[in-house]
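Reproduced below: work_25.csv, with CSV, C-alpha atoms and all ligand atoms.
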chain,number,residue,atom,x,y,z
Y,227,MET,CA,-78.1,-2.3,-28.7
Y,228,LEU,CA,-77.8,-5.2,-26.3
Y,229,PRO,CA,-79.3,-4.6,-22.9
Y,230,ILE,CA,-76.7,-4.6,-20.1
Y,231,ARG,CA,-77.8,-6.5,-17.0
Y,232,VAL,CA,-76.3,-5.0,-13.8
Y,233,THR,CA,-75.5,-6.9,-10.6
Y,234,GLN,CA,-74.1,-4.4,-8.1
Y,235,VAL,CA,-71.8,-5.2,-5.2
Y,236,PRO,CA,-73.8,-4.4,-2.1
Y,237,GLU,CA,-72.6,-1.1,-0.5
Y,238,ALA,CA,-71.4,-2.9,2.6
Y,239,ALA,CA,-69.3,-5.3,0.5
Y,240,ARG,CA,-67.5,-2.7,-1.5
Y,241,ARG,CA,-63.7,-2.8,-1.1
Y,242,PRO,CA,-61.8,0.1,0.5
Y,243,LYS,CA,-60.2,2.5,-2.0
Y,244,PRO,CA,-56.4,2.4,-2.1
Y,245,ASP,CA,-54.3,5.2,-0.8
Y,246,PRO,CA,-54.1,7.6,-3.8
Y,247,ASP,CA,-50.4,8.4,-2.9
Y,248,LYS,CA,-49.4,4.7,-3.1
Y,249,LEU,CA,-51.0,3.6,-6.4
Y,250,LEU,CA,-48.9,1.2,-8.4
Y,251,PHE,CA,-50.0,1.1,-12.1
Y,252,GLY,CA,-52.4,-1.9,-12.8
Y,253,HIS,CA,-52.3,-3.5,-9.4
Y,254,THR,CA,-55.7,-2.6,-7.8
Y,255,PHE,CA,-59.1,-3.1,-9.5
Y,256,SER,CA,-62.5,-1.5,-8.9
Y,257,ASP,CA,-65.6,-3.2,-7.6
Y,258,HIS,CA,-67.2,-4.2,-10.9
Y,259,MET,CA,-66.4,-5.6,-14.4
Y,260,PHE,CA,-68.2,-5.8,-17.7
Y,261,LEU,CA,-68.6,-9.1,-19.5
Y,262,ALA,CA,-70.2,-10.3,-22.8
Y,263,GLU,CA,-69.8,-13.4,-24.9
Y,264,PHE,CA,-69.8,-14.2,-28.6
Y,265,THR,CA,-71.0,-17.4,-30.1
Y,266,PRO,CA,-71.7,-18.0,-33.8
Y,267,GLU,CA,-75.3,-18.7,-33.1
Y,268,GLN,CA,-76.0,-15.7,-30.9
Y,269,GLY,CA,-73.4,-13.2,-31.9
Y,270,TRP,CA,-72.4,-10.9,-29.0
Y,271,HIS,CA,-74.8,-11.5,-26.1
Y,272,SER,CA,-75.2,-11.7,-22.3
Y,273,ALA,CA,-73.8,-8.2,-21.7
Y,274,ARG,CA,-73.6,-7.7,-18.0
Y,275,ILE,CA,-71.8,-5.8,-15.2
Y,276,GLU,CA,-70.9,-8.0,-12.3
Y,277,PRO,CA,-68.8,-7.8,-9.1
Y,278,TYR,CA,-65.1,-7.9,-10.1
Y,279,GLY,CA,-64.0,-11.5,-9.8
Y,280,GLU,CA,-62.1,-14.4,-11.4
Y,281,LEU,CA,-62.6,-15.9,-14.8
Y,282,SER,CA,-62.9,-19.7,-14.9
Y,283,LEU,CA,-61.2,-20.9,-18.1
Y,284,PRO,CA,-60.1,-24.4,-19.1
Y,285,PRO,CA,-56.3,-24.7,-19.9
Y,286,SER,CA,-57.4,-25.6,-23.5
Y,287,THR,CA,-58.7,-22.0,-24.0
Y,288,ILE,CA,-57.3,-21.1,-27.3
Y,289,ALA,CA,-56.2,-17.5,-26.5
Y,290,LEU,CA,-53.9,-18.9,-23.8
Y,291,HIS,CA,-52.0,-20.8,-26.6
Y,292,TYR,CA,-52.0,-18.5,-29.7
Y,293,ALA,CA,-52.7,-15.1,-28.1
Y,294,GLN,CA,-55.8,-14.4,-30.3
Y,295,MET,CA,-56.5,-11.5,-27.9
Y,296,ILE,CA,-56.8,-7.8,-28.3
Y,297,PHE,CA,-57.1,-5.0,-25.8
Y,298,GLU,CA,-57.4,-1.2,-25.3
Y,299,GLY,CA,-56.2,1.3,-22.8
Y,300,MET,CA,-58.3,4.3,-21.9
Y,301,LYS,CA,-58.9,6.5,-18.8
Y,302,ALA,CA,-61.6,8.2,-16.9
Y,303,TYR,CA,-60.7,11.5,-15.1
Y,304,ARG,CA,-62.3,13.2,-12.1
Y,305,ASN,CA,-61.9,16.9,-11.2
Y,306,GLU,CA,-62.2,18.6,-7.9
Y,307,ALA,CA,-65.9,19.3,-8.5
Y,308,GLY,CA,-66.5,15.5,-8.7
Y,309,GLU,CA,-67.2,15.5,-12.5
Y,310,VAL,CA,-66.0,12.4,-14.3
Y,311,TYR,CA,-65.0,12.4,-17.9
Y,312,LEU,CA,-64.0,10.0,-20.7
Y,313,PHE,CA,-61.5,11.1,-23.3
Y,314,ARG,CA,-62.0,10.4,-27.1
Y,315,TRP,CA,-63.4,6.9,-26.3
Y,316,ARG,CA,-64.7,6.6,-29.8
Y,317,GLU,CA,-61.1,6.5,-31.0
Y,318,ASN,CA,-60.4,3.6,-28.7
Y,319,ALA,CA,-63.6,1.8,-29.8
Y,320,ALA,CA,-62.6,2.3,-33.5
Y,321,ARG,CA,-59.1,1.0,-32.9
Y,322,PHE,CA,-60.6,-2.0,-31.0
Y,323,ARG,CA,-62.6,-2.8,-34.1
Y,324,ARG,CA,-59.5,-2.5,-36.3
Y,325,SER,CA,-57.5,-4.8,-34.0
Y,326,ALA,CA,-60.4,-7.3,-34.0
Y,327,GLU,CA,-60.5,-7.3,-37.8
Y,328,ARG,CA,-56.7,-8.0,-38.0
Y,329,LEU,CA,-57.0,-10.9,-35.6
Y,330,ARG,CA,-60.2,-12.4,-37.1
Y,331,ILE,CA,-62.2,-11.5,-34.0
Y,332,PRO,CA,-65.8,-10.4,-34.4
Y,333,PRO,CA,-65.8,-6.7,-33.7
Y,334,VAL,CA,-67.9,-5.1,-31.0
Y,335,GLU,CA,-70.5,-2.4,-32.0
Y,336,MET,CA,-69.3,1.1,-31.1
Y,337,SER,CA,-72.6,1.6,-29.1
Y,338,LEU,CA,-72.1,-1.5,-26.9
Y,339,PHE,CA,-68.5,-0.5,-26.3
Y,340,GLY,CA,-69.5,3.0,-25.3
Y,341,GLU,CA,-72.4,2.0,-23.1
Y,342,ALA,CA,-70.3,-0.7,-21.4
Y,343,ILE,CA,-67.6,1.8,-20.5
Y,344,ARG,CA,-70.1,4.6,-19.4
Y,345,ARG,CA,-72.1,2.2,-17.2
Y,346,LEU,CA,-69.0,0.6,-15.6
Y,347,VAL,CA,-67.3,3.9,-14.9
Y,348,TRP,CA,-70.5,5.4,-13.5
Y,349,LEU,CA,-71.0,2.5,-11.2
Y,350,ASP,CA,-67.3,2.7,-10.0
Y,351,ARG,CA,-67.0,6.5,-10.2
Y,352,ASP,CA,-65.8,6.6,-6.5
Y,353,TRP,CA,-62.8,4.7,-7.7
Y,354,VAL,CA,-61.6,7.5,-10.0
Y,355,PRO,CA,-58.8,9.4,-8.1
Y,356,THR,CA,-58.9,13.2,-8.3
Y,357,ALA,CA,-55.2,14.3,-8.1
Y,358,LEU,CA,-53.8,15.8,-11.3
Y,359,GLY,CA,-52.1,13.0,-13.2
Y,360,SER,CA,-54.3,10.4,-11.6
Y,361,SER,CA,-57.2,8.6,-13.3
Y,362,LEU,CA,-59.1,5.3,-13.6
Y,363,TYR,CA,-57.4,3.2,-16.2
Y,364,ILE,CA,-59.9,1.2,-18.2
Y,365,ARG,CA,-58.8,-2.0,-19.9
Y,366,PRO,CA,-61.2,-3.6,-22.5
Y,367,VAL,CA,-60.1,-7.0,-23.7
Y,368,ILE,CA,-61.5,-9.6,-26.2
Y,369,MET,CA,-60.1,-13.1,-25.9
Y,370,ALA,CA,-60.7,-16.2,-28.0
Y,371,THR,CA,-62.4,-18.9,-25.8
Y,372,ASP,CA,-62.7,-22.1,-28.0
Y,373,LYS,CA,-61.7,-25.0,-25.8
Y,374,ALA,CA,-59.6,-26.6,-28.6
Y,375,ILE,CA,-55.9,-26.1,-29.3
Y,376,GLY,CA,-55.9,-26.8,-33.1
Y,377,MET,CA,-54.6,-23.6,-34.8
Y,378,HIS,CA,-57.7,-21.8,-36.0
Y,379,ALA,CA,-59.6,-18.6,-35.5
Y,380,SER,CA,-61.8,-19.2,-32.5
Y,381,ASN,CA,-65.6,-19.5,-32.9
Y,382,ASN,CA,-66.3,-18.2,-29.4
Y,383,TYR,CA,-65.1,-15.1,-27.6
Y,384,LEU,CA,-65.2,-13.2,-24.3
Y,385,PHE,CA,-65.3,-9.4,-24.1
Y,386,PHE,CA,-64.5,-8.0,-20.7
Y,387,VAL,CA,-63.6,-4.6,-19.2
Y,388,ILE,CA,-61.8,-4.0,-15.9
Y,389,CYS,CA,-60.8,-0.7,-14.2
Y,390,SER,CA,-57.8,0.2,-12.2
Y,391,PRO,CA,-57.2,3.4,-10.2
Y,392,THR,CA,-53.8,4.8,-11.3
Y,393,ALA,CA,-51.4,7.7,-10.8
Y,394,SER,CA,-48.0,7.5,-12.6
Y,395,TYR,CA,-47.4,4.6,-15.0
Y,396,PHE,CA,-43.8,4.5,-13.8
Y,397,PRO,CA,-43.3,3.1,-10.3
Y,398,LYS,CA,-40.9,5.9,-9.4
Y,399,GLY,CA,-43.6,8.6,-10.1
Y,400,PHE,CA,-43.3,11.4,-12.6
Y,401,TYR,CA,-39.7,12.0,-13.8
Y,402,SER,CA,-37.6,12.0,-17.0
Y,403,VAL,CA,-37.3,8.4,-18.2
Y,404,SER,CA,-34.2,6.9,-19.6
Y,405,ILE,CA,-34.5,4.9,-22.9
Y,406,ARG,CA,-32.3,2.3,-24.5
Y,407,VAL,CA,-32.5,1.7,-28.3
Y,408,SER,CA,-33.0,-2.0,-29.0
Y,409,GLU,CA,-30.3,-3.3,-31.3
Y,410,GLU,CA,-31.2,-7.0,-31.6
Y,411,ASP,CA,-35.0,-7.4,-31.2
Y,412,VAL,CA,-37.6,-5.6,-33.3
Y,413,ARG,CA,-41.2,-4.9,-32.3
Y,414,ALA,CA,-43.1,-5.0,-35.6
Y,415,VAL,CA,-42.7,-5.7,-39.3
Y,416,GLN,CA,-44.5,-4.4,-42.3
Y,417,GLY,CA,-47.6,-6.6,-42.8
Y,418,GLY,CA,-47.4,-7.7,-39.1
Y,419,THR,CA,-49.6,-6.6,-36.2
Y,420,GLY,CA,-47.6,-3.5,-35.0
Y,421,ASP,CA,-50.3,-1.1,-35.8
Y,422,VAL,CA,-53.0,-2.8,-33.7
Y,423,LYS,CA,-53.3,-3.5,-30.0
Y,424,CYS,CA,-52.9,-7.2,-29.6
Y,425,ALA,CA,-51.3,-9.2,-26.7
Y,426,GLY,CA,-48.5,-10.7,-28.7
Y,427,ASN,CA,-47.0,-7.4,-29.6
Y,428,TYR,CA,-46.2,-6.8,-25.9
Y,429,SER,CA,-44.9,-10.3,-25.0
Y,430,GLY,CA,-42.5,-10.1,-28.0
Y,431,SER,CA,-41.0,-6.9,-26.5
Y,432,LEU,CA,-40.2,-8.3,-23.1
Y,433,ARG,CA,-36.7,-9.5,-23.7
Y,434,ALA,CA,-35.4,-6.2,-24.9
Y,435,LEU,CA,-37.2,-4.5,-22.0
Y,436,ALA,CA,-35.6,-6.8,-19.5
Y,437,GLU,CA,-32.2,-6.2,-21.0
Y,438,ALA,CA,-32.7,-2.4,-20.9
Y,439,LYS,CA,-33.9,-2.6,-17.2
Y,440,ALA,CA,-30.9,-4.8,-16.3
Y,441,LYS,CA,-28.7,-2.0,-17.6
Y,442,GLY,CA,-30.6,0.6,-15.6
Y,443,PHE,CA,-32.9,2.0,-18.3
Y,444,ASP,CA,-36.6,2.5,-18.0
Y,445,GLN,CA,-37.9,1.8,-21.5
Y,446,VAL,CA,-36.9,0.5,-25.0
Y,447,LEU,CA,-37.0,2.5,-28.2
Y,448,TRP,CA,-37.7,0.4,-31.3
Y,449,LEU,CA,-36.2,0.9,-34.7
Y,450,ASP,CA,-37.7,-0.3,-38.0
Y,451,ALA,CA,-37.2,-4.0,-38.7
Y,452,GLN,CA,-36.0,-3.6,-42.3
Y,453,GLU,CA,-33.1,-1.3,-42.0
Y,454,ARG,CA,-32.7,-0.9,-38.2
Y,455,LYS,CA,-32.4,2.8,-39.0
Y,456,TYR,CA,-35.6,4.7,-38.4
Y,457,VAL,CA,-37.2,5.4,-35.0
Y,458,GLU,CA,-40.6,3.8,-34.5
Y,459,GLU,CA,-42.1,3.9,-31.0
Y,460,VAL,CA,-41.4,2.9,-27.4
Y,461,GLY,CA,-44.1,0.2,-26.9
Y,462,SER,CA,-45.8,1.9,-24.0
Y,463,MET,CA,-45.8,5.2,-25.8
Y,464,ASN,CA,-45.3,7.0,-29.1
Y,465,ILE,CA,-42.2,9.1,-29.4
Y,466,PHE,CA,-41.8,12.9,-30.1
Y,467,PHE,CA,-38.7,15.1,-30.7
Y,468,LYS,CA,-38.5,18.9,-30.5
Y,469,LEU,CA,-35.9,19.8,-33.0
Y,470,ASP,CA,-35.3,23.4,-34.3
Y,471,GLY,CA,-38.6,24.4,-32.7
Y,472,THR,CA,-40.6,21.7,-34.6
Y,473,ILE,CA,-42.4,18.7,-33.0
Y,474,ILE,CA,-41.4,15.6,-35.0
Y,475,THR,CA,-42.9,12.1,-34.7
Y,476,PRO,CA,-42.5,9.1,-37.0
Y,477,PRO,CA,-45.4,8.6,-39.5
Y,478,LEU,CA,-48.0,5.9,-39.1
Y,479,SER,CA,-46.4,3.6,-41.7
Y,480,GLY,CA,-48.0,0.4,-40.6
Y,481,THR,CA,-45.7,-0.7,-37.8
Y,482,ILE,CA,-46.5,1.9,-35.2
Y,483,LEU,CA,-49.5,2.0,-32.9
Y,484,PRO,CA,-51.8,4.9,-33.9
Y,485,GLY,CA,-52.0,6.3,-30.4
Y,486,VAL,CA,-55.0,8.4,-29.3
Y,487,THR,CA,-52.6,10.5,-27.2
Y,488,ARG,CA,-50.2,10.8,-30.2
Y,489,ALA,CA,-53.0,12.3,-32.3
Y,490,SER,CA,-54.0,14.6,-29.4
Y,491,VAL,CA,-50.4,15.8,-28.9
Y,492,LEU,CA,-50.1,16.7,-32.6
Y,493,GLU,CA,-53.3,18.8,-32.4
Y,494,LEU,CA,-52.3,20.4,-29.1
Y,495,SER,CA,-48.8,21.2,-30.4
Y,496,ALA,CA,-50.4,23.1,-33.3
Y,497,GLU,CA,-52.6,24.9,-30.7
Y,498,LEU,CA,-49.5,26.0,-28.9
Y,499,GLY,CA,-48.2,27.4,-32.2
Y,500,LEU,CA,-45.6,24.7,-32.7
Y,501,PRO,CA,-45.1,23.4,-36.2
Y,502,VAL,CA,-45.6,19.6,-36.4
Y,503,GLU,CA,-44.0,17.1,-38.7
Y,504,GLU,CA,-44.8,13.4,-39.2
Y,505,ARG,CA,-41.7,12.2,-40.9
Y,506,LEU,CA,-39.1,9.4,-40.8
Y,507,ILE,CA,-36.3,10.3,-38.3
Y,508,SER,CA,-33.3,8.1,-38.2
Y,509,ILE,CA,-31.5,7.1,-35.0
Y,510,ASP,CA,-28.4,8.7,-36.4
Y,511,GLU,CA,-30.1,12.0,-36.8
Y,512,VAL,CA,-31.5,11.8,-33.3
Y,513,MET,CA,-28.0,10.9,-31.8
Y,514,GLU,CA,-26.2,13.6,-33.9
Y,515,THR,CA,-28.7,16.4,-33.0
Y,516,LEU,CA,-28.5,15.3,-29.3
Y,517,GLU,CA,-24.7,15.4,-29.5
Y,518,SER,CA,-24.6,18.8,-31.1
Y,519,GLY,CA,-27.2,20.2,-28.6
Y,520,LYS,CA,-29.7,20.9,-31.4
Y,521,MET,CA,-32.3,18.5,-30.0
Y,522,GLU,CA,-34.3,20.5,-27.6
Y,523,GLU,CA,-36.6,17.9,-26.1
Y,524,ILE,CA,-37.7,14.3,-26.4
Y,525,PHE,CA,-40.9,13.0,-24.9
Y,526,GLY,CA,-43.3,10.1,-25.1
Y,527,ALA,CA,-47.1,10.1,-25.2
Y,528,GLY,CA,-49.6,7.3,-24.6
Y,529,THR,CA,-52.7,6.7,-22.5
Y,530,ALA,CA,-51.0,5.0,-19.7
Y,531,VAL,CA,-48.0,7.4,-19.4
Y,532,ALA,CA,-49.9,10.6,-20.6
Y,533,ILE,CA,-46.8,12.6,-21.5
Y,534,ALA,CA,-43.5,11.3,-20.3
Y,535,PRO,CA,-40.3,13.4,-20.7
Y,536,VAL,CA,-37.3,11.5,-21.8
Y,537,GLY,CA,-34.1,12.4,-19.9
Y,538,SER,CA,-31.5,10.3,-21.7
Y,539,LEU,CA,-31.2,8.1,-24.8
Y,540,SER,CA,-28.7,5.2,-25.2
Y,541,HIS,CA,-27.7,3.7,-28.5
Y,542,LYS,CA,-24.9,1.2,-29.1
Y,543,GLY,CA,-23.5,1.8,-25.6
Y,544,HIS,CA,-23.4,5.6,-26.1
Y,545,CYS,CA,-25.8,7.4,-23.6
Y,546,ILE,CA,-26.6,11.0,-24.1
Y,547,THR,CA,-28.6,13.3,-21.8
Y,548,VAL,CA,-31.4,15.2,-23.3
Y,549,GLY,CA,-30.9,18.9,-22.4
Y,550,ASN,CA,-30.1,19.0,-18.7
Y,551,GLY,CA,-32.0,15.7,-18.1
Y,552,SER,CA,-35.0,17.3,-16.5
Y,553,PRO,CA,-38.5,17.5,-18.1
Y,554,GLY,CA,-38.5,20.0,-21.0
Y,555,PRO,CA,-40.9,23.1,-21.0
Y,556,THR,CA,-42.8,21.9,-24.1
Y,557,ALA,CA,-43.5,18.5,-22.7
Y,558,MET,CA,-44.6,20.1,-19.5
Y,559,LYS,CA,-46.9,22.6,-21.3
Y,560,LEU,CA,-48.5,19.9,-23.4
Y,561,ARG,CA,-48.9,17.7,-20.3
Y,562,GLU,CA,-50.6,20.4,-18.4
Y,563,ARG,CA,-52.9,21.3,-21.3
Y,564,LEU,CA,-53.8,17.6,-22.0
Y,565,LEU,CA,-54.5,16.7,-18.3
Y,566,THR,CA,-56.6,19.7,-17.6
Y,567,LEU,CA,-58.6,19.3,-20.8
Y,568,GLN,CA,-59.2,15.6,-19.9
Y,569,ARG,CA,-60.3,16.6,-16.4
Y,570,GLY,CA,-62.8,19.2,-17.6
Y,571,GLU,CA,-60.8,22.1,-16.3
Y,572,THR,CA,-59.9,23.9,-19.5
Y,573,SER,CA,-61.7,24.4,-22.8
Y,574,ASP,CA,-62.3,21.5,-25.2
Y,575,PRO,CA,-62.7,23.1,-28.6
Y,576,TYR,CA,-62.3,19.6,-30.2
Y,577,GLY,CA,-65.2,17.9,-28.5
Y,578,TRP,CA,-62.8,15.2,-27.1
Y,579,ARG,CA,-64.3,14.7,-23.7
Y,580,GLU,CA,-67.6,13.3,-22.6
Y,581,GLN,CA,-69.0,13.6,-19.1
Y,582,VAL,CA,-70.0,10.3,-17.5
Y,583,LEU,CA,-73.5,10.7,-16.2
Y,584,ALA,CA,-76.1,8.5,-14.5
Y,585,PRO,CA,-77.4,6.1,-17.1
Y,586,GLU,CA,-80.8,7.8,-17.3
Y,587,PHE,CA,-79.2,11.1,-18.3
Y,588,ALA,CA,-76.4,9.7,-20.5
Y,589,PRO,CA,-76.4,10.3,-24.2
Y,590,ASN,CA,-77.2,7.2,-26.4
Z,1,LIG,C1,-51.7,2.2,-22.8
Z,1,LIG,O1,-51.1,3.2,-22.9
Z,1,LIG,O2,-52.9,2.2,-22.4
Z,1,LIG,C2,-51.2,0.8,-23.0
Z,1,LIG,O3,-51.9,0.0,-23.3
Z,1,LIG,C3,-49.7,0.6,-22.9
Z,1,LIG,C4,-49.4,-0.5,-21.9
Z,1,LIG,C5,-47.9,-0.8,-22.0
Z,1,LIG,C6,-49.8,-0.1,-20.5

Can I see the file as structure tokens?
Amino acid sequence: MLPIRVTQVPEAARRPKPDPDKLLFGHTFSDHMFLAEFTPEQGWHSARIEPYGELSLPPSTIALHYAQMIFEGMKAYRNEAGEVYLFRWRENAARFRRSAERLRIPPVEMSLFGEAIRRLVWLDRDWVPTALGSSLYIRPVIMATDKAIGMHASNNYLFFVICSPTASYFPKGFYSVSIRVSEEDVRAVQGGTGDVKCAGNYSGSLRALAEAKAKGFDQVLWLDAQERKYVEEVGSMNIFFKLDGTIITPPLSGTILPGVTRASVLELSAELGLPVEERLISIDEVMETLESGKMEEIFGAGTAVAIAPVGSLSHKGHCITVGNGSPGPTAMKLRERLLTLQRGETSDPYGWREQVLAPEFAPN
């Protein structure tokens, strides 16, 4: 594995930590960042951790034009005893490699990815907030860096990782979010890039999100592009329904992001004794079962949001409250189990978490 050179911010120059009660998702960054470069001659090289700072890029940098750029979202958690944990990081590393393959980006070795994250989080461990529901959000990115705007797969790349202390993803804190179904725009098509984590997927979703927000909703629910009939995902989270005692989520049919939290929710639901089904669910079935009161709960799951209860759903101008609009008991139970497992406070029979230790004690 590549050696990682570390240049630490001197103790006296470290920035003050933000007030944990006033964290706004993705607005504050820790003291250090990880960087590595790829060239055809050297492959991935110059792996290093440096003080967090600006990137200097010419306007011709190709990623700025064609979004040949992938990213991941992961978190480090800290418990009251001061232990810091990563959660299923290998799943993020594997997805990062799949995203790279889809966008013709040279993939990063799993071992380099893991060591970059461990070392960075260890160095910035004081930036991991402790309150339940808080964490250090970790954002690995690869961007194409050829200084040429002809349309082509870049020859050169930059891999960087930055970290941001976070509490709730939603600015208003933890509450039941309201969701509007997108009628015009779609997020992904079969054969497209919906099942990988690339920048363009997110910019394409902004118009529908702006429209939803203008009408007072928090998020957008996407339908399939072909028939505009089946529920897909929310963009910032996968979606789950509790119907007749069963947890239902759309299958990974090629247009939905295979969320690490999604997979965890399916396993933890089974642990709670709830039957789970990955199946197509139409928006008509969702609205009808909501209307008839058969739909027990709706919630989303993703790294940034953890588990977010859905309080209302609006489709074609018809808005229905889910239950009484407050967070449902199953979503709350799953959230509690997930967060305490991630923080090292309850059992982990799955081997999902890894404690972040000083580099000399860390596993290879
Ligand atoms: C994540 O959940 O980590 C994501 O990348 C979603 C993003 C909208 C914040």

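Proximity ranking of Y:Ala302, Y:Leu384, Y:Leu329, Y:Met227 relative to Thr287 of chain Y places Y:Leu384 first, based on all atoms listed in the file.
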
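Closest to ligand LIG 1 (chain Z) among Y:Val310, Y:Val412, Y:Ala532, Y:Ile343 is Y:Ala532, based on all atoms listed in the file.
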
At a cut-off of 9 Å, can you tabulate as a Markdown table every residue of chain Y near ligand LIG 1 (chain Z) together with its closest atom pair and the distance in Å to one decimal, using all atoms listed in the file and ordering rows by chain then number?
| residue | atom | partner | partner_atom | distance |
| --- | --- | --- | --- | --- |
| Y:Phe251 | CA | Z:LIG1 | C6 | 8.5 |
| Y:Gly252 | CA | Z:LIG1 | C6 | 8.3 |
| Y:Phe297 | CA | Z:LIG1 | O3 | 7.6 |
| Y:Glu298 | CA | Z:LIG1 | O3 | 6.0 |
| Y:Gly299 | CA | Z:LIG1 | O2 | 3.4 |
| Y:Met300 | CA | Z:LIG1 | O2 | 5.8 |
| Y:Lys301 | CA | Z:LIG1 | O2 | 8.2 |
| Y:Tyr363 | CA | Z:LIG1 | O2 | 7.7 |
| Y:Ile364 | CA | Z:LIG1 | O2 | 8.2 |
| Y:Arg365 | CA | Z:LIG1 | O2 | 7.7 |
| Y:Tyr395 | CA | Z:LIG1 | C6 | 7.6 |
| Y:Lys423 | CA | Z:LIG1 | O3 | 7.7 |
| Y:Tyr428 | CA | Z:LIG1 | C5 | 7.4 |
| Y:Gly461 | CA | Z:LIG1 | C5 | 6.3 |
| Y:Ser462 | CA | Z:LIG1 | C5 | 4.0 |
| Y:Met463 | CA | Z:LIG1 | O1 | 6.4 |
| Y:Gly485 | CA | Z:LIG1 | O1 | 8.2 |
| Y:Thr487 | CA | Z:LIG1 | O1 | 8.6 |
| Y:Ala527 | CA | Z:LIG1 | O1 | 8.3 |
| Y:Gly528 | CA | Z:LIG1 | O1 | 4.7 |
| Y:Thr529 | CA | Z:LIG1 | O1 | 3.9 |
| Y:Ala530 | CA | Z:LIG1 | O1 | 3.7 |
| Y:Val531 | CA | Z:LIG1 | O1 | 6.3 |
| Y:Ala532 | CA | Z:LIG1 | O1 | 7.8 |

**Study point:** Residues within 8 Å of Ala379 of chain Y, all atoms listed in the file, excluding chain neighbours under 5 positions, as a count of residues only
**Key:** 4

Check your understanding: Suppose you want the space between atom CA of Ser394 of chain Y and atom CA of Ser360 of chain Y; what is it in Å?
Key -> 7.0 Å

Practice item. Could you tell me which of Y:Val354, Y:Ile275, Y:Leu583, Y:Val491 comes closest to Lys243 of chain Y if we count all atoms listed in the file? Key: Y:Val354

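You can rank Y:Leu261, Y:Ala584, Y:Val460, Y:Ile524 by their closest distance to Met369 of chain Y using only C-alpha atoms, and at the top of that list sits Y:Leu261.
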
Practice item. Please work out which residues fall within 12 Å of (-34.0, -1.9, -39.5), coordinates as given in the file, with only C-alpha atoms counting, and return them as number ranges by chain. Key: Y: 407-416, 448-458, 481, 508-509

Practice item. Kindly indicate which residue among Y:Gly420, Y:Leu250, Y:Arg231, Y:Gly570 lies nearest to Glu306 of chain Y, using only C-alpha atoms for the distances. Key: Y:Gly570

**Study point:** Pick from Y:Ser404, Y:Ser361, Y:Thr472, Y:Ser256, whichever lies nearest to Ser552 of chain Y using only C-alpha atoms
**Key:** Y:Ser404

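Atom CA of Pro366 of chain Y sits 28.6 Å away from atom CA of Ala438 of chain Y.
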